[in-house]
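Data file: structure30.cif. Format and content: mmCIF, C-alpha atoms.
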```cif
data_structure
#
loop_
_atom_site.label_atom_id
_atom_site.label_comp_id
_atom_site.auth_asym_id
_atom_site.auth_seq_id
_atom_site.Cartn_x
_atom_site.Cartn_y
_atom_site.Cartn_z
CA MET L 8 98.55 60.49 19.62
CA GLU L 9 98.29 64.23 20.05
CA ASN L 10 94.72 64.07 18.94
CA ASN L 11 93.94 61.47 21.61
CA SER L 12 95.36 63.65 24.36
CA ASN L 13 93.48 66.66 23.09
CA ASP L 14 90.32 64.56 22.85
CA GLN L 15 90.80 63.56 26.47
CA LYS L 16 91.09 67.24 27.42
CA VAL L 17 87.79 67.89 25.68
CA ILE L 18 86.21 64.95 27.44
CA ASP L 19 87.50 66.17 30.78
CA LEU L 20 86.04 69.56 30.13
CA LEU L 21 82.73 68.00 29.19
CA SER L 22 82.74 65.99 32.39
CA LYS L 23 83.01 69.18 34.38
CA LEU L 24 79.71 70.27 32.91
CA LYS L 25 78.09 67.48 34.91
CA ASP L 26 78.68 69.45 38.07
CA ASP L 27 76.32 72.24 37.20
CA ASN L 28 73.78 73.37 39.72
CA ASN L 29 70.71 72.59 37.65
CA VAL L 30 68.76 70.87 40.37
CA TYR L 31 65.09 70.12 40.33
CA PRO L 32 63.33 72.97 42.18
CA LEU L 33 61.80 71.55 45.30
CA ASP L 34 58.33 72.97 44.75
CA LEU L 35 58.17 71.58 41.21
CA LEU L 36 59.58 68.27 42.31
CA GLU L 37 57.13 67.89 45.17
CA SER L 38 54.06 68.77 43.12
CA ARG L 39 55.18 66.44 40.34
CA ARG L 40 55.79 63.68 42.85
CA GLN L 41 52.34 64.03 44.38
CA GLU L 42 50.74 63.96 40.95
CA TYR L 43 52.73 60.88 40.02
CA LEU L 44 51.77 59.06 43.21
CA GLN L 45 48.08 59.84 42.74
CA ARG L 46 48.22 58.59 39.19
CA ALA L 47 50.07 55.49 40.29
CA ALA L 48 47.38 54.79 42.87
CA GLN L 49 44.61 55.20 40.30
CA VAL L 50 46.35 53.06 37.72
CA GLY L 51 47.16 50.47 40.35
CA LEU L 52 43.54 50.15 41.42
CA GLY L 53 42.13 50.08 37.92
CA ILE L 54 44.71 47.85 36.44
CA GLY L 55 44.63 45.51 39.40
CA THR L 56 40.98 44.84 38.76
CA GLY L 57 41.49 44.62 35.02
CA THR L 58 44.39 42.26 35.34
CA GLY L 59 42.42 40.07 37.68
CA LEU L 60 39.53 39.90 35.25
CA LYS L 61 41.85 39.22 32.35
CA ASN L 62 43.55 36.46 34.25
CA THR L 63 40.20 35.04 35.21
CA LEU L 64 39.06 35.01 31.61
CA LYS L 65 42.28 33.45 30.48
CA GLY L 66 42.08 30.78 33.17
CA ARG L 67 45.17 31.97 34.97
CA TRP L 68 43.93 31.23 38.41
CA PRO L 69 46.58 30.06 40.79
CA GLY L 70 46.42 26.32 41.09
CA PHE L 71 44.52 25.83 37.87
CA PRO L 72 46.18 24.49 34.75
CA PRO L 73 45.97 26.66 31.63
CA ALA L 74 43.77 24.07 29.89
CA ALA L 75 41.10 24.58 32.53
CA GLY L 76 40.25 27.93 30.99
CA THR L 77 39.64 26.32 27.62
CA TRP L 78 37.46 23.61 29.13
CA LEU L 79 35.53 26.21 31.08
CA GLU L 80 34.95 28.19 27.91
CA VAL L 81 33.69 25.10 26.05
CA ALA L 82 31.41 24.19 28.95
CA LEU L 83 29.91 27.68 28.97
CA VAL L 84 29.21 27.56 25.24
CA VAL L 85 27.58 24.12 25.56
CA ALA L 86 25.43 25.32 28.45
CA ILE L 87 24.25 28.34 26.49
CA VAL L 88 23.34 26.20 23.47
CA ALA L 89 21.50 23.67 25.65
CA GLU L 90 19.52 26.39 27.38
CA ALA L 91 18.51 27.92 24.09
CA GLY L 92 17.39 24.52 22.78
CA ALA L 93 15.31 23.80 25.89
CA ALA L 94 13.60 27.16 25.69
CA ALA L 95 12.80 26.59 22.03
CA TYR L 96 11.30 23.17 22.88
CA PHE L 97 9.06 24.51 25.64
CA TYR L 98 7.77 27.34 23.54
CA ARG L 99 7.62 25.43 20.27
CA HIS L 100 3.86 26.00 19.81
CA LYS L 101 4.16 29.71 20.28
CA LEU L 102 7.10 29.77 17.99
CA ALA L 103 5.19 27.81 15.36
CA ASP L 104 2.25 30.19 15.60
CA LEU L 105 4.52 33.10 15.36
CA LEU L 106 6.28 31.69 12.33
CA GLU L 107 2.98 30.85 10.73
CA THR L 108 1.71 34.33 11.31
CA VAL L 109 4.80 35.84 9.91
CA LEU L 110 4.93 33.56 6.88
CA ALA L 111 1.20 33.64 6.12
CA THR L 112 0.97 37.36 5.86
CA PRO L 113 1.17 38.17 2.16
CA GLY L 114 3.64 40.69 1.17
CA VAL L 115 1.32 42.28 -1.42
CA GLN L 116 -2.15 43.40 -0.46
CA GLU L 117 -4.88 41.88 -2.66
CA VAL L 118 -7.57 44.21 -3.88
CA THR L 119 -10.98 42.64 -4.54
CA PRO L 120 -13.72 44.43 -6.42
CA PRO L 121 -16.75 45.41 -4.35
CA PRO L 122 -19.69 42.96 -4.54
CA VAL L 123 -22.49 43.78 -6.93
CA ILE L 124 -25.80 44.01 -5.06
CA THR L 125 -28.86 43.31 -7.10
CA SER L 126 -31.74 45.31 -5.76
CA SER L 127 -35.42 44.92 -6.59
CA LEU L 128 -35.91 48.61 -6.42
CA PRO L 129 -36.07 50.30 -9.80
CA VAL L 130 -33.32 52.60 -10.56
CA THR L 131 -34.59 56.07 -10.40
CA GLU L 132 -33.18 58.72 -12.48
CA ILE L 133 -32.82 62.05 -10.92
CA SER L 134 -33.53 64.79 -13.34
CA VAL L 135 -33.70 68.44 -12.88
CA ALA L 136 -37.15 69.93 -13.02
CA PRO L 137 -37.69 72.54 -15.64
CA THR L 138 -37.58 75.93 -14.23
CA ALA L 139 -38.73 79.18 -15.59
CA THR L 140 -35.94 81.52 -16.28
CA VAL L 141 -36.90 85.07 -16.13
CA THR L 142 -34.67 87.31 -18.09
CA GLY L 143 -35.09 90.94 -17.57
CA THR L 144 -34.84 93.20 -20.52
CA PRO L 145 -33.70 96.59 -19.54
CA THR L 146 -36.14 99.13 -20.86
CA ALA L 147 -36.46 102.80 -20.52
CA THR L 148 -39.17 102.49 -17.92
CA GLY L 149 -37.20 99.95 -15.96
CA THR L 150 -40.01 97.42 -15.78
CA PRO L 151 -38.91 93.91 -16.64
CA ILE L 152 -40.75 92.20 -19.42
CA PRO L 153 -41.43 88.65 -18.46
CA VAL L 154 -41.13 86.07 -21.12
CA VAL L 155 -43.00 82.87 -20.91
CA ILE L 156 -40.90 80.05 -22.04
CA ASP L 157 -43.01 77.13 -21.12
CA GLY L 158 -46.62 77.66 -21.42
CA THR L 159 -49.49 77.99 -23.65
CA ASN L 160 -51.91 80.71 -24.05
CA SER L 161 -55.38 80.51 -22.87
CA ASN L 162 -56.38 78.91 -26.08
CA GLY L 163 -53.80 76.15 -25.83
CA ASN L 164 -51.90 77.39 -28.79
CA THR L 165 -48.25 77.74 -28.66
CA PRO L 166 -47.21 81.25 -29.09
CA GLY L 167 -45.32 81.67 -32.25
CA GLY L 168 -46.08 78.14 -33.30
CA ASN L 169 -43.24 76.65 -31.29
CA ASP L 170 -44.05 73.66 -29.20
CA ILE L 171 -41.93 73.91 -26.17
CA ASN L 172 -43.88 71.33 -24.27
CA ASN L 173 -42.25 68.53 -26.14
CA ASN L 174 -39.65 68.50 -23.49
CA GLU L 175 -42.17 67.59 -20.87
CA GLY L 176 -41.68 63.88 -21.20
CA ASN L 177 -37.98 64.11 -21.26
CA ASN L 178 -37.76 66.04 -18.06
CA PRO L 179 -39.96 64.44 -15.50
CA ALA L 180 -40.11 66.37 -12.33
CA ALA L 181 -39.35 63.44 -10.14
CA SER L 182 -36.67 64.48 -7.77
CA THR L 183 -37.62 62.03 -5.05
CA PRO L 184 -37.84 58.30 -5.29
CA ASP L 185 -41.33 57.09 -5.94
CA PRO L 186 -42.98 55.40 -3.04
CA ASN L 187 -44.81 52.18 -3.80
CA GLY L 188 -44.14 52.39 -7.48
CA ASN L 189 -45.91 55.73 -7.81
CA ASN L 190 -43.43 58.15 -9.08
CA GLY L 191 -45.93 60.88 -9.39
CA ASN L 192 -46.24 60.84 -13.12
CA HIS L 193 -49.76 60.86 -14.47
CA PHE L 194 -49.29 60.44 -18.14
CA GLY L 195 -52.44 60.32 -20.10
CA GLN L 196 -54.61 61.53 -17.26
CA THR L 197 -54.57 65.12 -18.16
CA LYS L 198 -57.65 66.26 -19.88
CA GLN L 199 -57.07 67.08 -23.39
CA PRO L 200 -58.42 70.37 -24.51
CA PRO L 201 -61.31 70.02 -26.85
CA LYS L 202 -60.26 69.94 -30.37
CA ALA L 203 -61.50 72.83 -32.36
CA THR L 204 -63.41 71.79 -35.34
CA LYS L 205 -63.04 75.14 -36.84
CA GLU L 206 -60.38 77.56 -36.70
CA PRO L 207 -61.08 80.24 -34.28
CA LYS L 208 -62.18 83.36 -35.76
CA ASP L 209 -60.07 85.39 -33.60
CA THR L 210 -56.66 84.56 -34.77
CA LYS L 211 -55.37 87.57 -33.22
CA VAL L 212 -52.30 86.90 -31.26
CA PRO L 213 -52.62 88.36 -27.85
CA ASN L 214 -50.29 91.05 -27.23
CA ASP L 215 -47.88 91.12 -24.46
CA GLU L 216 -50.07 93.15 -22.27
CA GLY L 217 -52.74 90.54 -22.17
CA SER L 218 -50.48 87.65 -21.54
CA ARG L 219 -50.01 86.30 -18.16
CA ILE L 220 -47.07 84.63 -16.68
CA LYS L 221 -47.87 81.01 -16.43
CA ILE L 222 -45.68 78.78 -14.52
CA PRO L 223 -46.09 75.20 -15.62
CA LYS L 224 -47.30 72.93 -12.98
CA ASN L 225 -45.12 70.25 -11.83
CA LYS L 226 -46.82 67.20 -13.09
CA MET N 25 65.13 50.18 49.19
CA LYS N 26 64.91 47.60 46.47
CA GLU N 27 67.63 47.70 43.83
CA GLY N 28 67.94 46.96 40.16
CA VAL N 29 65.91 44.15 38.77
CA ALA N 30 64.01 43.61 42.01
CA LEU N 31 62.86 47.22 41.96
CA LEU N 32 61.82 46.90 38.34
CA LYS N 33 59.87 43.70 38.95
CA ALA N 34 58.10 45.24 41.90
CA ALA N 35 57.21 48.28 39.83
CA GLN N 36 55.82 46.06 37.09
CA LYS N 37 53.42 44.68 39.68
CA LEU N 38 52.47 48.29 40.42
CA ASP N 39 53.96 48.16 43.87
CA GLU N 40 53.54 51.65 45.26
CA GLU N 41 56.78 51.63 47.17
CA ALA N 42 58.74 50.60 44.12
CA LEU N 43 57.06 53.21 41.94
CA THR N 44 57.86 55.91 44.48
CA ALA N 45 61.45 54.77 44.72
CA ILE N 46 61.82 54.92 40.96
CA PHE N 47 60.55 58.46 40.85
CA ASP N 48 62.79 59.60 43.68
CA GLN N 49 65.79 57.99 42.10
CA PHE N 50 65.42 59.10 38.51
CA ALA N 51 63.27 62.23 38.41
CA PRO N 52 66.07 64.72 39.29
CA ALA N 53 68.41 63.20 36.72
CA ILE N 54 65.74 63.21 34.03
CA TYR N 55 64.96 66.79 34.87
CA LYS N 56 68.60 67.80 34.52
CA TYR N 57 68.92 65.97 31.23
CA THR N 58 65.79 67.49 29.74
CA LEU N 59 66.77 70.91 31.01
CA ARG N 60 70.05 70.61 29.12
CA LEU N 61 68.13 69.88 25.98
CA SER N 62 65.07 72.06 26.35
CA HIS N 63 66.60 74.95 28.31
CA ASP N 64 63.29 75.66 30.00
CA PRO N 65 62.59 74.58 33.61
CA ILE N 66 58.84 74.40 33.00
CA VAL N 67 59.26 72.34 29.85
CA ALA N 68 61.71 70.08 31.66
CA ASP N 69 59.27 69.60 34.50
CA ASN N 70 56.47 68.77 32.08
CA ILE N 71 58.66 66.28 30.28
CA VAL N 72 59.48 64.61 33.59
CA GLY N 73 55.77 64.28 34.26
CA ASP N 74 55.19 62.81 30.79
CA VAL N 75 58.07 60.37 31.17
CA PHE N 76 56.76 58.91 34.40
CA SER N 77 53.18 58.97 33.20
CA GLN N 78 54.16 56.89 30.19
CA LEU N 79 56.08 54.58 32.47
CA LEU N 80 52.96 53.98 34.54
CA GLU N 81 50.89 53.32 31.44
CA GLN N 82 53.43 50.84 30.17
CA PHE N 83 53.51 49.03 33.49
CA ALA N 84 49.73 48.98 33.60
CA ALA N 85 49.61 47.46 30.11
CA GLY N 86 52.05 44.76 31.10
CA LYS N 87 54.81 46.32 29.02
CA GLY N 88 57.67 48.60 29.84
CA PRO N 89 61.34 48.03 30.50
CA ARG N 90 62.57 44.58 31.42
CA THR N 91 66.18 45.22 32.19
CA ASN N 92 67.53 48.77 31.97
CA LEU N 93 65.09 51.16 33.54
CA ARG N 94 67.45 54.13 33.42
CA SER N 95 68.04 53.83 29.69
CA TYR N 96 64.33 53.41 29.16
CA LEU N 97 63.53 56.62 31.04
CA TYR N 98 66.18 58.59 29.19
CA GLN N 99 64.99 57.18 25.90
CA THR N 100 61.46 58.32 26.63
CA ALA N 101 62.71 61.73 27.65
CA TYR N 102 64.88 61.98 24.55
CA HIS N 103 61.94 61.25 22.25
CA LEU N 104 59.73 63.72 24.08
CA VAL N 105 62.35 66.42 23.79
CA VAL N 106 62.90 65.74 20.12
CA ASP N 107 59.17 65.74 19.42
CA ARG N 108 58.71 68.95 21.33
CA SER N 109 61.60 70.65 19.58
CA ARG N 110 60.21 69.59 16.21
CA ASP N 111 56.82 70.96 17.12
CA ASN N 112 58.12 74.26 18.39
CA GLN N 113 61.03 74.60 15.99
CA HIS N 114 62.72 75.87 19.05
CA ASN N 115 66.49 75.78 19.22
CA ALA N 116 67.51 77.52 22.36
CA PRO N 117 71.19 77.73 23.16
CA LEU N 118 72.70 75.33 25.62
CA GLU N 119 74.36 78.04 27.70
CA VAL N 120 71.03 78.69 29.38
CA ALA N 121 71.18 75.23 30.81
CA VAL N 122 74.75 75.42 31.96
CA GLY N 123 74.71 79.07 32.92
CA THR N 124 74.00 78.22 36.52
CA TYR N 125 77.21 76.29 36.56
CA GLU N 126 79.12 79.51 36.10
CA LYS N 127 77.20 81.29 38.79
CA GLY N 128 77.73 78.60 41.33
CA GLN N 129 81.33 77.78 40.57
CA PHE N 130 82.66 81.21 39.80
CA THR N 131 85.62 82.22 41.92
CA PRO N 132 87.89 85.09 41.10
CA THR N 133 91.06 83.00 40.98
CA GLN N 134 93.24 82.86 37.91
CA SER N 135 92.73 79.16 37.33
CA GLN N 136 88.99 79.45 37.62
CA ILE N 137 88.98 82.33 35.19
CA GLU N 138 90.93 80.25 32.67
CA GLU N 139 88.61 77.34 33.20
CA ARG N 140 85.63 79.57 32.71
CA VAL N 141 87.02 80.79 29.43
CA MET N 142 87.43 77.22 28.26
CA MET N 143 83.95 76.33 29.41
CA ASP N 144 82.48 79.26 27.54
CA ALA N 145 84.30 78.16 24.41
CA LEU N 146 83.16 74.57 24.88
CA ILE N 147 79.54 75.51 25.42
CA SER N 148 79.59 77.84 22.46
CA ALA N 149 81.07 75.12 20.29
CA MET N 150 78.48 72.61 21.42
CA ASN N 151 75.72 75.01 20.57
CA THR N 152 76.96 76.21 17.26
CA GLU N 153 79.26 73.61 15.79
CA LEU N 154 77.70 70.27 16.66
CA THR N 155 74.85 68.66 14.87
CA GLU N 156 71.73 67.55 16.75
CA ASP N 157 72.87 63.92 16.89
CA GLN N 158 76.38 64.86 17.95
CA ARG N 159 75.04 67.04 20.74
CA HIS N 160 72.77 64.25 22.01
CA VAL N 161 75.53 61.69 21.88
CA ILE N 162 78.02 63.96 23.66
CA ILE N 163 75.55 64.79 26.41
CA LEU N 164 74.50 61.17 26.94
CA ARG N 165 78.02 59.80 26.80
CA PHE N 166 79.95 62.39 28.81
CA LEU N 167 77.39 64.29 30.86
CA GLU N 168 75.03 61.42 31.69
CA ASP N 169 77.69 58.68 31.66
CA PHE N 170 75.85 56.24 29.44
CA SER N 171 77.78 53.55 27.66
CA LEU N 172 77.96 53.32 23.90
CA LYS N 173 75.39 50.56 23.89
CA GLU N 174 72.99 52.44 26.14
CA THR N 175 73.40 55.59 24.09
CA ALA N 176 72.68 53.61 20.96
CA GLU N 177 69.52 52.22 22.54
CA ILE N 178 68.34 55.62 23.67
CA ILE N 179 68.88 57.34 20.36
CA GLY N 180 67.90 54.34 18.32
CA LYS N 181 71.05 53.87 16.29
CA GLU N 182 73.74 51.24 15.97
CA VAL N 183 76.71 51.26 18.33
CA ASN N 184 79.15 51.79 15.50
CA ASN N 185 77.11 54.70 14.30
CA ILE N 186 77.21 56.18 17.79
CA LYS N 187 80.98 55.77 17.82
CA VAL N 188 81.30 57.67 14.57
CA ILE N 189 79.00 60.43 15.75
CA GLN N 190 80.87 60.73 19.01
CA ASN N 191 84.30 60.88 17.38
CA ARG N 192 83.20 63.48 14.89
CA GLY N 193 81.68 65.56 17.63
CA ILE N 194 84.76 65.41 19.79
CA ALA N 195 86.97 66.24 16.83
CA LYS N 196 84.86 69.22 15.99
CA LEU N 197 84.98 70.48 19.57
CA ARG N 198 88.72 69.96 19.72
CA LYS N 199 89.21 71.85 16.53
CA VAL N 200 87.08 74.76 17.63
CA LEU N 201 88.67 74.91 21.08
CA GLY N 202 92.19 74.66 19.56
CA LEU N 203 91.45 77.56 17.28
CA GLN N 204 90.05 79.60 20.10
CA LEU N 205 92.57 78.73 22.78
CA GLY N 206 95.73 78.73 20.74
CA GLU N 207 98.62 76.36 20.29
CA SER N 208 98.30 74.63 23.64
CA TRP N 209 95.52 72.54 21.99
#
```
Output the file's structure in the form of structure tokens.
Amino acid sequence: MENNSNDQKVIDLLSKLKDDNNVYPLDLLESRRQEYLQRAAQVGLGIGTGTGLKNTLKGRWPGFPPAAGTWLEVALVVAIVAEAGAAAYFYRHKLADLLETVLATPGVQEVTPPPVITSSLPVTEISVAPTATVTGTPTATGTPIPVVIDGTNSNGNTPGGNDINNNEGNNPAASTPDPNGNNGNHFGQTKQPPKATKEPKDTKVPNDEGSRIKIPKNK
Amino acid sequence: MKEGVALLKAAQKLDEEALTAIFDQFAPAIYKYTLRLSHDPIVADNIVGDVFSQLLEQFAAGKGPRTNLRSYLYQTAYHLVVDRSRDNQHNAPLEVAVGTYEKGQFTPTQSQIEERVMMDALISAMNTELTEDQRHVIILRFLEDFSLKETAEIIGKEVNNIKVIQNRGIAKLRKVLGLQLGESW
């Protein structure tokens, strides 16, 4: 019982705390109020439109039953499907062509070998003409000593007994295609040197001084 | 001015007059309540702005209070204060909030001096002896005049739990004040 009376004293004291002077400062209150009213106006405008749209979508028009919204939704879906079907019917040929084009295009590209063309022209072989290579031998006098690789001496003998001309048939100097079947080769038309019945008396091998550089003709 | 449920229904339809009336009616009280808890006029003002901003958003979303607008506003303010205090880990003393009471009511009479001594002891006890829940319940029940049910709704606890919290808080205050003020308690 004593506790209850003391509790009431505490409660009375607490109630006196209500009378404090903590009031909302007028400047803060006014600025907060203006901000609140502006926000309320913005929200009211935006939400008013949004609510109207939502109600429209949900079929909550005044005077319309709730089922009208469902029927309207079904009618819209049917109309969209019908329109799509009609468009597909009118453009069926173009659609068929398009499908055909799309389906006919192979996914993998086929590679065909190039056609073999049979030509009446003979195949010409391009060979490199024999050239004379001049190698210089450094000497004390500084004069290069030419060496004749392909050639014969004035007597038709091969110097040193080596027949270098045996390569003549293997290396025809035909670098251009022969016109009219004439490739420029004249085999067998060259005059043969007269065969010596006797060995020449002068078997002396000409020295280097008497030799001349002879460049083989391009036959 | 519209009253009660009519005001609330008008505000739910975003009626500007009703929204203005709600602010004018409840903003000073919310400010005083949050100032008691936050002890900072700027923080209290910001919380008032947040409370009414959330109210507008709720109305705009078709939600918000249906019956007790005052409890709803205090509940919002309570949660904002609690969230803010958790964020700041700020525990300012309550005497800042009630200090103006002393300045305004101070008179050099003997009875007022005795009352001031008791008030100082009470405020000190509320700040130091009560738990967070006890302080909230005491303020809502005896400074804001909410019922047990409304206090339970604001804090989010059962009514019986609120009763227990309130009784323990009062007992603690009585004990502290009795020790400080002598045998008369």
Translate the PyMOL selection byres ((chain L) within 8 of (chain N)), as applied to the file shown, into an explicit residue set as a PDB file with C-alpha atoms, keeping the file's coordinate frame.
```pdb
ATOM      1  CA  ASN L  13      93.480  66.660  23.090  1.00  0.00           C
ATOM      2  CA  ASP L  14      90.320  64.560  22.850  1.00  0.00           C
ATOM      3  CA  VAL L  17      87.790  67.890  25.680  1.00  0.00           C
ATOM      4  CA  ILE L  18      86.210  64.950  27.440  1.00  0.00           C
ATOM      5  CA  LEU L  20      86.040  69.560  30.130  1.00  0.00           C
ATOM      6  CA  LEU L  21      82.730  68.000  29.190  1.00  0.00           C
ATOM      7  CA  SER L  22      82.740  65.990  32.390  1.00  0.00           C
ATOM      8  CA  LEU L  24      79.710  70.270  32.910  1.00  0.00           C
ATOM      9  CA  LYS L  25      78.090  67.480  34.910  1.00  0.00           C
ATOM     10  CA  ASP L  26      78.680  69.450  38.070  1.00  0.00           C
ATOM     11  CA  ASP L  27      76.320  72.240  37.200  1.00  0.00           C
ATOM     12  CA  ASN L  28      73.780  73.370  39.720  1.00  0.00           C
ATOM     13  CA  ASN L  29      70.710  72.590  37.650  1.00  0.00           C
ATOM     14  CA  VAL L  30      68.760  70.870  40.370  1.00  0.00           C
ATOM     15  CA  TYR L  31      65.090  70.120  40.330  1.00  0.00           C
ATOM     16  CA  LEU L  35      58.170  71.580  41.210  1.00  0.00           C
ATOM     17  CA  LEU L  36      59.580  68.270  42.310  1.00  0.00           C
ATOM     18  CA  ARG L  39      55.180  66.440  40.340  1.00  0.00           C
ATOM     19  CA  ARG L  40      55.790  63.680  42.850  1.00  0.00           C
ATOM     20  CA  TYR L  43      52.730  60.880  40.020  1.00  0.00           C
ATOM     21  CA  LEU L  44      51.770  59.060  43.210  1.00  0.00           C
ATOM     22  CA  ARG L  46      48.220  58.590  39.190  1.00  0.00           C
ATOM     23  CA  ALA L  47      50.070  55.490  40.290  1.00  0.00           C
ATOM     24  CA  ALA L  48      47.380  54.790  42.870  1.00  0.00           C
ATOM     25  CA  VAL L  50      46.350  53.060  37.720  1.00  0.00           C
ATOM     26  CA  GLY L  51      47.160  50.470  40.350  1.00  0.00           C
ATOM     27  CA  ILE L  54      44.710  47.850  36.440  1.00  0.00           C
TER      28      ILE L  54
END
```
- Query: Nearest to Val29 (chain N): which of N:Gln190, N:Thr152, N:Gln136, N:Asn92 is it, counting only C-alpha atoms?
  - Reply: N:Asn92
- Select all residues near (65.1, 65.1, 24.8) (cut-off 10 Å, inclusive, file coordinates), counting only C-alpha atoms, and output them as an NGL selection string. :N and (54 or 57-62 or 68 or 71 or 98-109 or 160 or 179)
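Pairwise distance (CA of Ile186 (chain N), CA of Leu93 (chain N)) equals 20.5 Å.
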- Give me, please, the distance in Å between CA of Ala103 (chain L) and CA of Glu90 (chain L), quoted to one decimal. 18.8 Å
Around all listed atoms of region 47-64 of chain N, padded 8 Å per side, what centre and edge lengths does the axis-aligned box have in Å to one decimal, as AutoDock Vina command-line options?
```
--center_x 65.3 --center_y 66.8 --center_z 34.8 --size_x 25.5 --size_y 33.7 --size_z 33.7
```
